[in-house]
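Visitor: Data file model12.cif (mmCIF, C-alpha atoms) is appended below.
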```cif
data_data
loop_
_atom_site.group_PDB
_atom_site.id
_atom_site.type_symbol
_atom_site.label_atom_id
_atom_site.label_comp_id
_atom_site.auth_asym_id
_atom_site.auth_seq_id
_atom_site.Cartn_x
_atom_site.Cartn_y
_atom_site.Cartn_z
ATOM 1 C CA MET A 17 1.851 14.243 -21.610
ATOM 2 C CA THR A 18 1.325 11.569 -24.243
ATOM 3 C CA THR A 19 0.330 7.979 -23.616
ATOM 4 C CA ARG A 20 3.238 5.593 -23.995
ATOM 5 C CA TYR A 21 4.057 1.910 -24.486
ATOM 6 C CA LEU A 22 7.006 -0.109 -23.170
ATOM 7 C CA GLU A 23 9.411 0.869 -25.950
ATOM 8 C CA ASP A 24 8.734 4.578 -25.378
ATOM 9 C CA PHE A 25 10.389 4.604 -21.935
ATOM 10 C CA ASN A 26 14.091 5.155 -21.284
ATOM 11 C CA VAL A 27 15.969 4.453 -18.061
ATOM 12 C CA GLY A 28 16.579 7.685 -16.169
ATOM 13 C CA GLU A 29 13.607 9.593 -17.598
ATOM 14 C CA LYS A 30 11.595 11.473 -14.997
ATOM 15 C CA PHE A 31 7.977 12.572 -14.864
ATOM 16 C CA ILE A 32 6.295 15.029 -12.508
ATOM 17 C CA SER A 33 2.663 14.750 -11.444
ATOM 18 C CA ALA A 34 0.151 17.439 -10.674
ATOM 19 C CA LYS A 35 -0.278 18.502 -7.043
ATOM 20 C CA LEU A 36 -2.936 17.204 -4.672
ATOM 21 C CA ASN A 37 -4.095 18.845 -1.466
ATOM 22 C CA VAL A 38 -5.186 16.351 1.192
ATOM 23 C CA SER A 39 -7.748 17.429 3.774
ATOM 24 C CA GLU A 40 -8.304 16.224 7.313
ATOM 25 C CA ALA A 41 -11.584 14.690 6.122
ATOM 26 C CA ASP A 42 -9.700 12.700 3.450
ATOM 27 C CA ILE A 43 -7.338 11.315 6.095
ATOM 28 C CA LEU A 44 -10.062 10.457 8.620
ATOM 29 C CA ASP A 45 -12.275 8.860 5.958
ATOM 30 C CA TYR A 46 -9.501 6.566 4.736
ATOM 31 C CA ALA A 47 -8.526 5.654 8.287
ATOM 32 C CA HIS A 48 -12.060 4.702 9.300
ATOM 33 C CA LYS A 49 -12.440 2.362 6.332
ATOM 34 C CA TYR A 50 -8.936 0.978 5.895
ATOM 35 C CA ASP A 51 -6.570 1.710 8.766
ATOM 36 C CA PRO A 52 -8.460 2.359 12.008
ATOM 37 C CA GLN A 53 -5.501 3.067 14.243
ATOM 38 C CA PRO A 54 -6.008 5.860 16.797
ATOM 39 C CA PHE A 55 -3.227 8.045 15.348
ATOM 40 C CA HIS A 56 -4.897 7.908 11.919
ATOM 41 C CA LYS A 57 -8.570 8.202 12.810
ATOM 42 C CA ASP A 58 -8.902 9.908 16.178
ATOM 43 C CA LYS A 59 -7.797 13.521 16.640
ATOM 44 C CA GLU A 60 -7.813 13.293 20.431
ATOM 45 C CA ALA A 61 -5.891 10.021 20.665
ATOM 46 C CA ALA A 62 -3.397 11.206 18.030
ATOM 47 C CA LYS A 63 -2.184 13.912 20.428
ATOM 48 C CA HIS A 64 -0.487 11.127 22.403
ATOM 49 C CA GLY A 65 1.026 9.439 19.329
ATOM 50 C CA LEU A 66 4.430 9.808 17.649
ATOM 51 C CA PHE A 67 3.368 12.907 15.707
ATOM 52 C CA GLY A 68 1.064 14.731 18.128
ATOM 53 C CA GLU A 69 -1.679 14.989 15.519
ATOM 54 C CA VAL A 70 -3.551 12.826 13.040
ATOM 55 C CA VAL A 71 -1.390 11.503 10.189
ATOM 56 C CA ALA A 72 -2.528 9.587 7.127
ATOM 57 C CA SER A 73 -2.274 5.833 6.787
ATOM 58 C CA GLY A 74 0.840 4.931 4.846
ATOM 59 C CA PHE A 75 -1.314 2.889 2.499
ATOM 60 C CA GLN A 76 -3.253 6.060 1.668
ATOM 61 C CA THR A 77 -0.008 7.897 0.887
ATOM 62 C CA CYS A 78 1.072 5.052 -1.420
ATOM 63 C CA ALA A 79 -2.272 4.895 -3.203
ATOM 64 C CA LEU A 80 -2.484 8.660 -3.709
ATOM 65 C CA SER A 81 1.100 8.693 -4.995
ATOM 66 C CA PHE A 82 0.308 6.106 -7.625
ATOM 67 C CA LYS A 83 -2.948 7.885 -8.472
ATOM 68 C CA LEU A 84 -1.153 11.188 -9.043
ATOM 69 C CA PHE A 85 1.235 9.529 -11.487
ATOM 70 C CA PHE A 86 -1.536 7.541 -13.202
ATOM 71 C CA GLU A 87 -3.452 10.762 -13.798
ATOM 72 C CA THR A 88 -0.595 12.150 -15.908
ATOM 73 C CA GLY A 89 -1.911 9.784 -18.600
ATOM 74 C CA ILE A 90 1.550 8.420 -19.414
ATOM 75 C CA ILE A 91 0.697 4.777 -18.650
ATOM 76 C CA THR A 92 -3.032 4.948 -19.370
ATOM 77 C CA ALA A 93 -2.857 2.748 -22.463
ATOM 78 C CA CYS A 94 -0.015 0.417 -21.494
ATOM 79 C CA ASN A 95 -0.407 -0.448 -17.808
ATOM 80 C CA MET A 96 -1.833 -3.920 -17.132
ATOM 81 C CA GLY A 97 -1.191 -4.173 -13.388
ATOM 82 C CA ALA A 98 1.686 -4.861 -11.031
ATOM 83 C CA PRO A 99 2.804 -8.062 -9.294
ATOM 84 C CA ALA A 100 4.670 -6.247 -6.524
ATOM 85 C CA VAL A 101 5.503 -3.096 -4.618
ATOM 86 C CA ASP A 102 9.018 -2.873 -3.198
ATOM 87 C CA ASN A 103 10.912 -0.844 -0.641
ATOM 88 C CA VAL A 104 8.130 1.423 0.544
ATOM 89 C CA ARG A 105 9.660 3.982 2.906
ATOM 90 C CA PHE A 106 7.688 6.497 4.933
ATOM 91 C CA LEU A 107 10.068 9.380 5.611
ATOM 92 C CA LYS A 108 7.668 12.145 6.647
ATOM 93 C CA PRO A 109 4.026 11.711 7.636
ATOM 94 C CA LEU A 110 1.161 13.026 5.513
ATOM 95 C CA LYS A 111 -0.770 15.561 7.593
ATOM 96 C CA ALA A 112 -4.032 17.425 7.043
ATOM 97 C CA GLY A 113 -3.570 20.258 4.580
ATOM 98 C CA ASP A 114 -0.402 18.857 3.007
ATOM 99 C CA THR A 115 -0.001 19.065 -0.760
ATOM 100 C CA LEU A 116 1.454 15.990 -2.465
ATOM 101 C CA GLN A 117 3.410 15.839 -5.693
ATOM 102 C CA VAL A 118 5.084 12.778 -7.190
ATOM 103 C CA GLU A 119 8.251 12.406 -9.215
ATOM 104 C CA VAL A 120 8.588 9.113 -11.058
ATOM 105 C CA GLU A 121 11.866 7.866 -12.516
ATOM 106 C CA VAL A 122 12.229 5.009 -14.999
ATOM 107 C CA ALA A 123 14.531 2.449 -13.347
ATOM 108 C CA GLU A 124 14.247 -0.512 -15.732
ATOM 109 C CA VAL A 125 12.629 -1.372 -19.099
ATOM 110 C CA ARG A 126 12.559 -5.110 -19.741
ATOM 111 C CA PRO A 127 10.692 -6.825 -22.607
ATOM 112 C CA SER A 128 9.147 -10.167 -21.589
ATOM 113 C CA LYS A 129 11.066 -13.224 -22.767
ATOM 114 C CA THR A 130 7.920 -15.302 -23.104
ATOM 115 C CA LYS A 131 5.134 -12.805 -23.933
ATOM 116 C CA PRO A 132 6.050 -10.701 -26.987
ATOM 117 C CA ALA A 133 3.281 -8.148 -26.462
ATOM 118 C CA ARG A 134 4.411 -6.960 -23.035
ATOM 119 C CA GLY A 135 7.247 -6.291 -20.629
ATOM 120 C CA ILE A 136 8.167 -4.949 -17.200
ATOM 121 C CA LEU A 137 8.603 -1.235 -16.497
ATOM 122 C CA VAL A 138 10.133 -0.593 -13.076
ATOM 123 C CA LEU A 139 9.314 2.874 -11.781
ATOM 124 C CA HIS A 140 10.719 4.594 -8.692
ATOM 125 C CA TYR A 141 8.208 6.872 -6.980
ATOM 126 C CA LYS A 142 9.195 9.821 -4.805
ATOM 127 C CA THR A 143 6.417 11.770 -3.115
ATOM 128 C CA THR A 144 7.122 15.230 -1.735
ATOM 129 C CA ASN A 145 5.102 17.732 0.295
ATOM 130 C CA GLN A 146 4.642 21.490 -0.130
ATOM 131 C CA ARG A 147 7.975 22.118 1.621
ATOM 132 C CA GLY A 148 9.839 19.907 -0.844
ATOM 133 C CA GLU A 149 10.435 17.245 1.810
ATOM 134 C CA THR A 150 10.424 13.649 0.606
ATOM 135 C CA MET A 151 7.520 11.881 2.339
ATOM 136 C CA CYS A 152 7.447 8.497 0.703
ATOM 137 C CA THR A 153 9.431 6.435 -1.795
ATOM 138 C CA MET A 154 8.580 3.116 -3.397
ATOM 139 C CA SER A 155 9.356 0.994 -6.437
ATOM 140 C CA ILE A 156 6.726 -0.690 -8.623
ATOM 141 C CA PRO A 157 7.390 -3.203 -11.449
ATOM 142 C CA HIS A 158 4.495 -2.488 -13.797
ATOM 143 C CA ILE A 159 3.415 -4.991 -16.436
ATOM 144 C CA VAL A 160 3.008 -2.863 -19.560
ATOM 145 C CA ARG A 161 2.010 -3.429 -23.171
ATOM 146 C CA ARG A 162 4.358 -2.959 -26.100
ATOM 147 C CA ARG A 163 3.108 -0.731 -28.896
ATOM 148 C CA PRO A 164 0.472 -2.606 -30.952
ATOM 149 C CA ALA A 165 1.808 -3.656 -34.376
ATOM 150 C CA MET B 30 -6.562 -12.305 21.841
ATOM 151 C CA THR B 31 -4.817 -10.115 24.388
ATOM 152 C CA THR B 32 -3.032 -6.859 23.729
ATOM 153 C CA ARG B 33 0.726 -7.246 23.741
ATOM 154 C CA TYR B 34 3.935 -5.222 24.016
ATOM 155 C CA LEU B 35 7.301 -5.813 22.324
ATOM 156 C CA GLU B 36 8.587 -8.312 24.878
ATOM 157 C CA ASP B 37 5.452 -10.432 24.538
ATOM 158 C CA PHE B 38 6.241 -11.487 20.947
ATOM 159 C CA ASN B 39 8.389 -14.457 19.975
ATOM 160 C CA VAL B 40 9.882 -15.150 16.553
ATOM 161 C CA GLY B 41 7.856 -17.788 14.739
ATOM 162 C CA GLU B 42 4.561 -17.107 16.537
ATOM 163 C CA LYS B 43 1.551 -16.921 14.235
ATOM 164 C CA PHE B 44 -1.771 -15.129 14.506
ATOM 165 C CA ILE B 45 -4.915 -15.594 12.423
ATOM 166 C CA SER B 46 -7.376 -12.789 11.720
ATOM 167 C CA ALA B 47 -11.129 -12.912 11.325
ATOM 168 C CA LYS B 48 -12.534 -13.203 7.787
ATOM 169 C CA LEU B 49 -13.736 -10.317 5.656
ATOM 170 C CA ASN B 50 -16.008 -10.527 2.643
ATOM 171 C CA VAL B 51 -15.280 -7.887 0.011
ATOM 172 C CA SER B 52 -18.104 -6.730 -2.253
ATOM 173 C CA GLU B 53 -17.994 -5.345 -5.771
ATOM 174 C CA ALA B 54 -19.102 -1.998 -4.331
ATOM 175 C CA ASP B 55 -16.112 -2.020 -1.935
ATOM 176 C CA ILE B 56 -13.741 -2.592 -4.863
ATOM 177 C CA LEU B 57 -15.294 0.041 -7.134
ATOM 178 C CA ASP B 58 -15.472 2.611 -4.341
ATOM 179 C CA TYR B 59 -11.782 2.246 -3.501
ATOM 180 C CA ALA B 60 -10.802 2.350 -7.157
ATOM 181 C CA HIS B 61 -12.714 5.542 -7.849
ATOM 182 C CA LYS B 62 -11.062 7.342 -4.953
ATOM 183 C CA TYR B 63 -7.572 5.856 -4.929
ATOM 184 C CA ASP B 64 -6.702 3.782 -7.999
ATOM 185 C CA PRO B 65 -8.811 4.794 -11.003
ATOM 186 C CA GLN B 66 -7.450 2.298 -13.494
ATOM 187 C CA PRO B 67 -10.021 0.774 -15.868
ATOM 188 C CA PHE B 68 -9.473 -2.790 -14.605
ATOM 189 C CA HIS B 69 -10.204 -1.645 -11.039
ATOM 190 C CA LYS B 70 -13.079 0.780 -11.548
ATOM 191 C CA ASP B 71 -14.849 -0.071 -14.807
ATOM 192 C CA LYS B 72 -16.670 -3.392 -15.216
ATOM 193 C CA GLU B 73 -16.887 -3.095 -18.995
ATOM 194 C CA ALA B 74 -13.257 -2.104 -19.539
ATOM 195 C CA ALA B 75 -12.076 -4.805 -17.114
ATOM 196 C CA LYS B 76 -13.368 -7.478 -19.522
ATOM 197 C CA HIS B 77 -10.416 -6.623 -21.765
ATOM 198 C CA GLY B 78 -7.850 -6.612 -18.921
ATOM 199 C CA LEU B 79 -5.560 -9.325 -17.573
ATOM 200 C CA PHE B 80 -8.278 -10.865 -15.426
ATOM 201 C CA GLY B 81 -11.449 -10.450 -17.520
ATOM 202 C CA GLU B 82 -13.263 -8.805 -14.624
ATOM 203 C CA VAL B 83 -12.836 -6.055 -12.072
ATOM 204 C CA VAL B 84 -10.104 -6.753 -9.503
ATOM 205 C CA ALA B 85 -9.240 -4.715 -6.427
ATOM 206 C CA SER B 86 -6.387 -2.248 -6.281
ATOM 207 C CA GLY B 87 -3.360 -3.890 -4.697
ATOM 208 C CA PHE B 88 -3.196 -1.005 -2.225
ATOM 209 C CA GLN B 89 -6.716 -1.924 -1.086
ATOM 210 C CA THR B 90 -5.651 -5.552 -0.553
ATOM 211 C CA CYS B 91 -2.662 -4.397 1.519
ATOM 212 C CA ALA B 92 -4.715 -1.996 3.606
ATOM 213 C CA LEU B 93 -7.474 -4.524 4.297
ATOM 214 C CA SER B 94 -4.857 -7.127 5.217
ATOM 215 C CA PHE B 95 -3.333 -4.846 7.811
ATOM 216 C CA LYS B 96 -6.784 -3.842 9.040
ATOM 217 C CA LEU B 97 -7.789 -7.481 9.565
ATOM 218 C CA PHE B 98 -4.705 -8.085 11.681
ATOM 219 C CA PHE B 99 -5.087 -4.803 13.572
ATOM 220 C CA GLU B 100 -8.633 -5.763 14.505
ATOM 221 C CA THR B 101 -7.387 -8.842 16.367
ATOM 222 C CA GLY B 102 -6.377 -6.345 19.071
ATOM 223 C CA ILE B 103 -2.906 -7.858 19.473
ATOM 224 C CA ILE B 104 -1.020 -4.650 18.666
ATOM 225 C CA THR B 105 -3.683 -2.162 19.775
ATOM 226 C CA ALA B 106 -1.697 -0.859 22.729
ATOM 227 C CA CYS B 107 1.837 -1.184 21.395
ATOM 228 C CA ASN B 108 1.802 -0.130 17.727
ATOM 229 C CA MET B 109 3.163 3.357 17.057
ATOM 230 C CA GLY B 110 3.447 3.243 13.263
ATOM 231 C CA ALA B 111 5.717 1.799 10.612
ATOM 232 C CA PRO B 112 8.580 3.358 8.639
ATOM 233 C CA ALA B 113 8.334 0.868 5.771
ATOM 234 C CA VAL B 114 6.517 -1.873 3.924
ATOM 235 C CA ASP B 115 8.679 -4.448 2.168
ATOM 236 C CA ASN B 116 8.320 -7.113 -0.463
ATOM 237 C CA VAL B 117 4.649 -6.710 -1.271
ATOM 238 C CA ARG B 118 3.699 -9.514 -3.663
ATOM 239 C CA PHE B 119 0.335 -9.801 -5.392
ATOM 240 C CA LEU B 120 -0.084 -13.495 -6.188
ATOM 241 C CA LYS B 121 -3.830 -13.735 -6.874
ATOM 242 C CA PRO B 122 -6.171 -10.802 -7.503
ATOM 243 C CA LEU B 123 -8.897 -9.813 -5.049
ATOM 244 C CA LYS B 124 -12.254 -10.171 -6.832
ATOM 245 C CA ALA B 125 -15.790 -9.215 -5.877
ATOM 246 C CA GLY B 126 -17.233 -11.659 -3.355
ATOM 247 C CA ASP B 127 -13.853 -12.956 -2.165
ATOM 248 C CA THR B 128 -13.336 -13.540 1.542
ATOM 249 C CA LEU B 129 -9.993 -12.457 2.954
ATOM 250 C CA GLN B 130 -8.180 -13.859 5.952
ATOM 251 C CA VAL B 131 -4.723 -12.929 7.172
ATOM 252 C CA GLU B 132 -2.025 -14.981 8.858
ATOM 253 C CA VAL B 133 0.714 -12.970 10.528
ATOM 254 C CA GLU B 134 4.040 -14.459 11.600
ATOM 255 C CA VAL B 135 6.552 -12.792 13.904
ATOM 256 C CA ALA B 136 9.819 -12.525 11.942
ATOM 257 C CA GLU B 137 11.938 -10.344 14.210
ATOM 258 C CA VAL B 138 11.749 -8.729 17.681
ATOM 259 C CA ARG B 139 14.401 -6.055 18.169
ATOM 260 C CA PRO B 140 14.572 -3.627 21.116
ATOM 261 C CA SER B 141 15.745 -0.144 20.124
ATOM 262 C CA LYS B 142 19.368 0.632 20.987
ATOM 263 C CA THR B 143 18.634 4.319 21.527
ATOM 264 C CA LYS B 144 15.011 4.466 22.727
ATOM 265 C CA PRO B 145 14.494 2.211 25.750
ATOM 266 C CA ALA B 146 10.686 2.380 25.632
ATOM 267 C CA ARG B 147 10.289 0.872 22.175
ATOM 268 C CA GLY B 148 11.564 -1.506 19.520
ATOM 269 C CA ILE B 149 10.924 -2.965 16.082
ATOM 270 C CA LEU B 150 8.555 -5.861 15.499
ATOM 271 C CA VAL B 151 8.844 -7.253 11.967
ATOM 272 C CA LEU B 152 5.695 -9.095 10.918
ATOM 273 C CA HIS B 153 5.157 -11.170 7.782
ATOM 274 C CA TYR B 154 1.626 -10.923 6.414
ATOM 275 C CA LYS B 155 0.014 -13.628 4.279
ATOM 276 C CA THR B 156 -3.477 -12.981 2.951
ATOM 277 C CA THR B 157 -5.546 -15.874 1.646
ATOM 278 C CA ASN B 158 -8.923 -16.149 -0.077
ATOM 279 C CA GLN B 159 -11.848 -18.508 0.558
ATOM 280 C CA ARG B 160 -10.116 -21.242 -1.486
ATOM 281 C CA GLY B 161 -7.020 -21.085 0.688
ATOM 282 C CA GLU B 162 -4.992 -19.500 -2.125
ATOM 283 C CA THR B 163 -2.348 -16.987 -1.067
ATOM 284 C CA MET B 164 -3.319 -13.626 -2.580
ATOM 285 C CA CYS B 165 -0.823 -11.247 -1.085
ATOM 286 C CA THR B 166 2.270 -11.275 1.110
ATOM 287 C CA MET B 167 4.173 -8.377 2.661
ATOM 288 C CA SER B 168 6.505 -7.565 5.517
ATOM 289 C CA ILE B 169 6.080 -4.609 7.887
ATOM 290 C CA PRO B 170 8.591 -3.412 10.512
ATOM 291 C CA HIS B 171 6.297 -1.973 13.174
ATOM 292 C CA ILE B 172 7.562 0.462 15.797
ATOM 293 C CA VAL B 173 6.090 -0.902 19.040
ATOM 294 C CA ARG B 174 6.134 0.057 22.676
ATOM 295 C CA ARG B 175 7.734 -2.041 25.384
ATOM 296 C CA ARG B 176 5.594 -2.856 28.389
ATOM 297 C CA PRO B 177 5.234 0.223 30.597
ATOM 298 C CA ALA B 178 7.260 -0.105 33.817
#
```
Rewrite the structure of this file - the entire thing - as structure tokens.
Guide:
Amino acid sequence: MTTRYLEDFNVGEKFISAKLNVSEADILDYAHKYDPQPFHKDKEAAKHGLFGEVVASGFQTCALSFKLFFETGIITACNMGAPAVDNVRFLKPLKAGDTLQVEVEVAEVRPSKTKPARGILVLHYKTTNQRGETMCTMSIPHIVRRRPA
Amino acid sequence: MTTRYLEDFNVGEKFISAKLNVSEADILDYAHKYDPQPFHKDKEAAKHGLFGEVVASGFQTCALSFKLFFETGIITACNMGAPAVDNVRFLKPLKAGDTLQVEVEVAEVRPSKTKPARGILVLHYKTTNQRGETMCTMSIPHIVRRRPA
């Protein structure tokens, strides 16, 4: 897919990422460094948790979801960062061996009123697993560049 | 601080975490694995970004903020997971050498209507840096256990 700028996006457009398989080692590694709760990092303790096995930190699911979309290349040239993440919902846990894929829909395209070279691109993220179940949704207002003159 | 259960929390109570110094290596390592944007992972490219230097992925700031609170031990016994993260706001970037500290305020304590052994504990997170500037805020509705009979 081709790199875009703010004016190249239209509300309602959708993009699909590649797929990513997540291993037990990936989940345990993230948990040890960033979310050391027993049900994320400890296989034995996780047996007594809500899911009966180790599940990934929600922050890992969010980060991998964004990464999968970023790697499409669509916002490589235009994305400057984001001031927020809204309405993160964890609907199904990410488990060892799951394969993630992300669908991103353009929700809003808004040129800045004060900075002519940029604007806000609100994207809705929906992450599914290999069974087509929605695992995670979130909304990110990205600050993106307009096409250079 | 002592481990708590749902009924031990009161709206308006605040907790302060320990401090955590974040190195450039921490930021680059996270970016390479989870958020490979140039202004997170590439010192040279970051000079041309919004901040003129490498800044941490917002997902890293969120995860470390939760981790700092988790390590107080307050929710060690009661926390079962979270179905959501709301209203994440990135107000100041996390830069190499910054020291994070998290203040958590109890926003809501709500016993489950259908599951007598648990409830929802909504916590507001505020992460500050070594200058006392607020860097990040977010709200998490944690599923927590009630005190065992």
Visitor: With chain B held fixed, move chain A onto it by a least-squares fit of all C-alpha atoms in order and give the output as a compact mmCIF listing (two decimals) with C-alpha atoms, keeping the file's coordinate frame.
Guide:
```
# COMPACT_ATOMS: atom_id res chain seq x y z
CA MET A 17 -6.58 -12.29 21.89
CA THR A 18 -4.80 -10.13 24.45
CA THR A 19 -3.04 -6.86 23.77
CA ARG A 20 0.73 -7.23 23.76
CA TYR A 21 3.95 -5.22 24.02
CA LEU A 22 7.31 -5.81 22.33
CA GLU A 23 8.59 -8.31 24.90
CA ASP A 24 5.44 -10.44 24.55
CA PHE A 25 6.24 -11.48 20.96
CA ASN A 26 8.39 -14.46 19.97
CA VAL A 27 9.88 -15.15 16.55
CA GLY A 28 7.85 -17.79 14.74
CA GLU A 29 4.56 -17.11 16.53
CA LYS A 30 1.56 -16.91 14.23
CA PHE A 31 -1.77 -15.14 14.50
CA ILE A 32 -4.92 -15.60 12.43
CA SER A 33 -7.38 -12.80 11.72
CA ALA A 34 -11.12 -12.90 11.32
CA LYS A 35 -12.53 -13.20 7.79
CA LEU A 36 -13.72 -10.31 5.65
CA ASN A 37 -16.01 -10.53 2.64
CA VAL A 38 -15.28 -7.88 0.01
CA SER A 39 -18.10 -6.74 -2.26
CA GLU A 40 -17.99 -5.34 -5.77
CA ALA A 41 -19.10 -2.00 -4.33
CA ASP A 42 -16.11 -2.02 -1.94
CA ILE A 43 -13.73 -2.60 -4.86
CA LEU A 44 -15.30 0.03 -7.14
CA ASP A 45 -15.46 2.62 -4.33
CA TYR A 46 -11.77 2.24 -3.49
CA ALA A 47 -10.80 2.34 -7.16
CA HIS A 48 -12.71 5.55 -7.85
CA LYS A 49 -11.04 7.35 -4.96
CA TYR A 50 -7.56 5.85 -4.93
CA ASP A 51 -6.70 3.78 -7.99
CA PRO A 52 -8.80 4.78 -11.00
CA GLN A 53 -7.45 2.29 -13.49
CA PRO A 54 -10.02 0.77 -15.86
CA PHE A 55 -9.46 -2.79 -14.61
CA HIS A 56 -10.20 -1.66 -11.04
CA LYS A 57 -13.08 0.75 -11.54
CA ASP A 58 -14.85 -0.08 -14.79
CA LYS A 59 -16.66 -3.40 -15.21
CA GLU A 60 -16.89 -3.07 -18.99
CA ALA A 61 -13.26 -2.10 -19.54
CA ALA A 62 -12.08 -4.80 -17.12
CA LYS A 63 -13.37 -7.48 -19.52
CA HIS A 64 -10.41 -6.62 -21.77
CA GLY A 65 -7.85 -6.61 -18.93
CA LEU A 66 -5.55 -9.34 -17.58
CA PHE A 67 -8.29 -10.87 -15.42
CA GLY A 68 -11.44 -10.44 -17.52
CA GLU A 69 -13.28 -8.80 -14.64
CA VAL A 70 -12.83 -6.05 -12.08
CA VAL A 71 -10.10 -6.75 -9.52
CA ALA A 72 -9.24 -4.72 -6.44
CA SER A 73 -6.38 -2.25 -6.28
CA GLY A 74 -3.37 -3.89 -4.70
CA PHE A 75 -3.21 -1.02 -2.23
CA GLN A 76 -6.72 -1.93 -1.08
CA THR A 77 -5.66 -5.55 -0.56
CA CYS A 78 -2.66 -4.39 1.51
CA ALA A 79 -4.73 -2.00 3.61
CA LEU A 80 -7.48 -4.54 4.29
CA SER A 81 -4.85 -7.14 5.21
CA PHE A 82 -3.33 -4.86 7.80
CA LYS A 83 -6.78 -3.86 9.04
CA LEU A 84 -7.79 -7.49 9.57
CA PHE A 85 -4.70 -8.09 11.69
CA PHE A 86 -5.08 -4.80 13.59
CA GLU A 87 -8.63 -5.76 14.51
CA THR A 88 -7.39 -8.85 16.38
CA GLY A 89 -6.38 -6.35 19.09
CA ILE A 90 -2.91 -7.86 19.49
CA ILE A 91 -1.02 -4.64 18.67
CA THR A 92 -3.69 -2.17 19.76
CA ALA A 93 -1.71 -0.86 22.73
CA CYS A 94 1.84 -1.17 21.39
CA ASN A 95 1.80 -0.13 17.73
CA MET A 96 3.18 3.36 17.05
CA GLY A 97 3.44 3.24 13.26
CA ALA A 98 5.71 1.80 10.60
CA PRO A 99 8.58 3.35 8.63
CA ALA A 100 8.33 0.87 5.76
CA VAL A 101 6.51 -1.87 3.92
CA ASP A 102 8.68 -4.45 2.16
CA ASN A 103 8.33 -7.11 -0.48
CA VAL A 104 4.66 -6.71 -1.29
CA ARG A 105 3.69 -9.51 -3.69
CA PHE A 106 0.33 -9.82 -5.40
CA LEU A 107 -0.09 -13.51 -6.19
CA LYS A 108 -3.83 -13.73 -6.87
CA PRO A 109 -6.18 -10.82 -7.51
CA LEU A 110 -8.91 -9.82 -5.06
CA LYS A 111 -12.26 -10.17 -6.83
CA ALA A 112 -15.81 -9.22 -5.88
CA GLY A 113 -17.24 -11.65 -3.36
CA ASP A 114 -13.87 -12.95 -2.17
CA THR A 115 -13.36 -13.54 1.54
CA LEU A 116 -10.00 -12.46 2.96
CA GLN A 117 -8.19 -13.86 5.97
CA VAL A 118 -4.71 -12.93 7.17
CA GLU A 119 -2.02 -14.98 8.85
CA VAL A 120 0.72 -12.96 10.51
CA GLU A 121 4.04 -14.45 11.58
CA VAL A 122 6.56 -12.78 13.90
CA ALA A 123 9.82 -12.52 11.92
CA GLU A 124 11.94 -10.32 14.20
CA VAL A 125 11.74 -8.71 17.67
CA ARG A 126 14.39 -6.04 18.16
CA PRO A 127 14.57 -3.63 21.13
CA SER A 128 15.74 -0.13 20.13
CA LYS A 129 19.36 0.64 20.99
CA THR A 130 18.65 4.31 21.55
CA LYS A 131 15.01 4.47 22.75
CA PRO A 132 14.48 2.21 25.79
CA ALA A 133 10.68 2.37 25.65
CA ARG A 134 10.30 0.88 22.17
CA GLY A 135 11.58 -1.50 19.53
CA ILE A 136 10.94 -2.95 16.08
CA LEU A 137 8.56 -5.86 15.49
CA VAL A 138 8.84 -7.26 11.97
CA LEU A 139 5.69 -9.08 10.90
CA HIS A 140 5.16 -11.16 7.76
CA TYR A 141 1.62 -10.94 6.40
CA LYS A 142 0.02 -13.63 4.27
CA THR A 143 -3.47 -12.99 2.94
CA THR A 144 -5.55 -15.88 1.64
CA ASN A 145 -8.94 -16.15 -0.07
CA GLN A 146 -11.86 -18.50 0.55
CA ARG A 147 -10.14 -21.22 -1.49
CA GLY A 148 -7.02 -21.07 0.68
CA GLU A 149 -5.00 -19.49 -2.13
CA THR A 150 -2.35 -16.99 -1.08
CA MET A 151 -3.32 -13.62 -2.58
CA CYS A 152 -0.82 -11.24 -1.09
CA THR A 153 2.27 -11.28 1.11
CA MET A 154 4.17 -8.39 2.65
CA SER A 155 6.52 -7.56 5.51
CA ILE A 156 6.07 -4.60 7.87
CA PRO A 157 8.59 -3.41 10.51
CA HIS A 158 6.29 -1.97 13.17
CA ILE A 159 7.55 0.45 15.79
CA VAL A 160 6.08 -0.90 19.03
CA ARG A 161 6.14 0.06 22.69
CA ARG A 162 7.75 -2.05 25.39
CA ARG A 163 5.58 -2.86 28.39
CA PRO A 164 5.25 0.24 30.62
CA ALA A 165 7.27 -0.10 33.84
```
Visitor: Of the residues A:Lys83, A:Arg126, A:Lys49, A:Arg162, which is the one nearest to chain B, using all atoms listed in the file?
Guide: A:Lys83
Visitor: To verify the selection step, state as number ranges by chain which residues the PyMOL selection byres ((chain A) within 10 of (chain B)) yields on this input.
Guide: A: 46-47, 49-56, 65-67, 73-84, 86-87, 91-93, 95-109, 152-154, 156
Visitor: Quick one: residues within 10 Å of Ala54 (chain B), all atoms listed in the file counted, chain neighbours fewer than 6 positions away excluded, as a list of chain:residue names?
Guide: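 What passes the distance filter is B:Ala60, B:Lys70, B:Ala125, B:Gly126.
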Visitor: Quick check, in Å to one decimal: how far apart do CA of Arg134 (chain A) and CA of Cys94 (chain A) lie?
Guide: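 These two atoms are separated by 8.7 Å.
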Visitor: To verify the selection step, state as a list of chain:residue names which residues the PyMOL selection byres ((chain A and resi 117) around 7) yields on this input.
Guide: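 Applying the expression gives A:Ser33, A:Ala34, A:Lys35, A:Leu36, A:Thr115, A:Leu116, A:Val118, A:Glu119, A:Thr143, A:Thr144, A:Asn145.
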Visitor: Any chance you could resolve the PyMOL selection byres ((chain A and resi 139) around 6) against this file and give the residues as a ChimeraX atom specification?
Guide: /A:121-123,138,140,155-156
Visitor: Pick the closest to Pro164 (chain A) from A:Lys129, A:Arg147, A:Lys63, A:Arg20: which is it, counting only C-alpha atoms?
Guide: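 Checking each of A:Lys129, A:Arg147, A:Lys63, A:Arg20 against Pro164 (chain A), counting only C-alpha atoms, the winner is A:Arg20.
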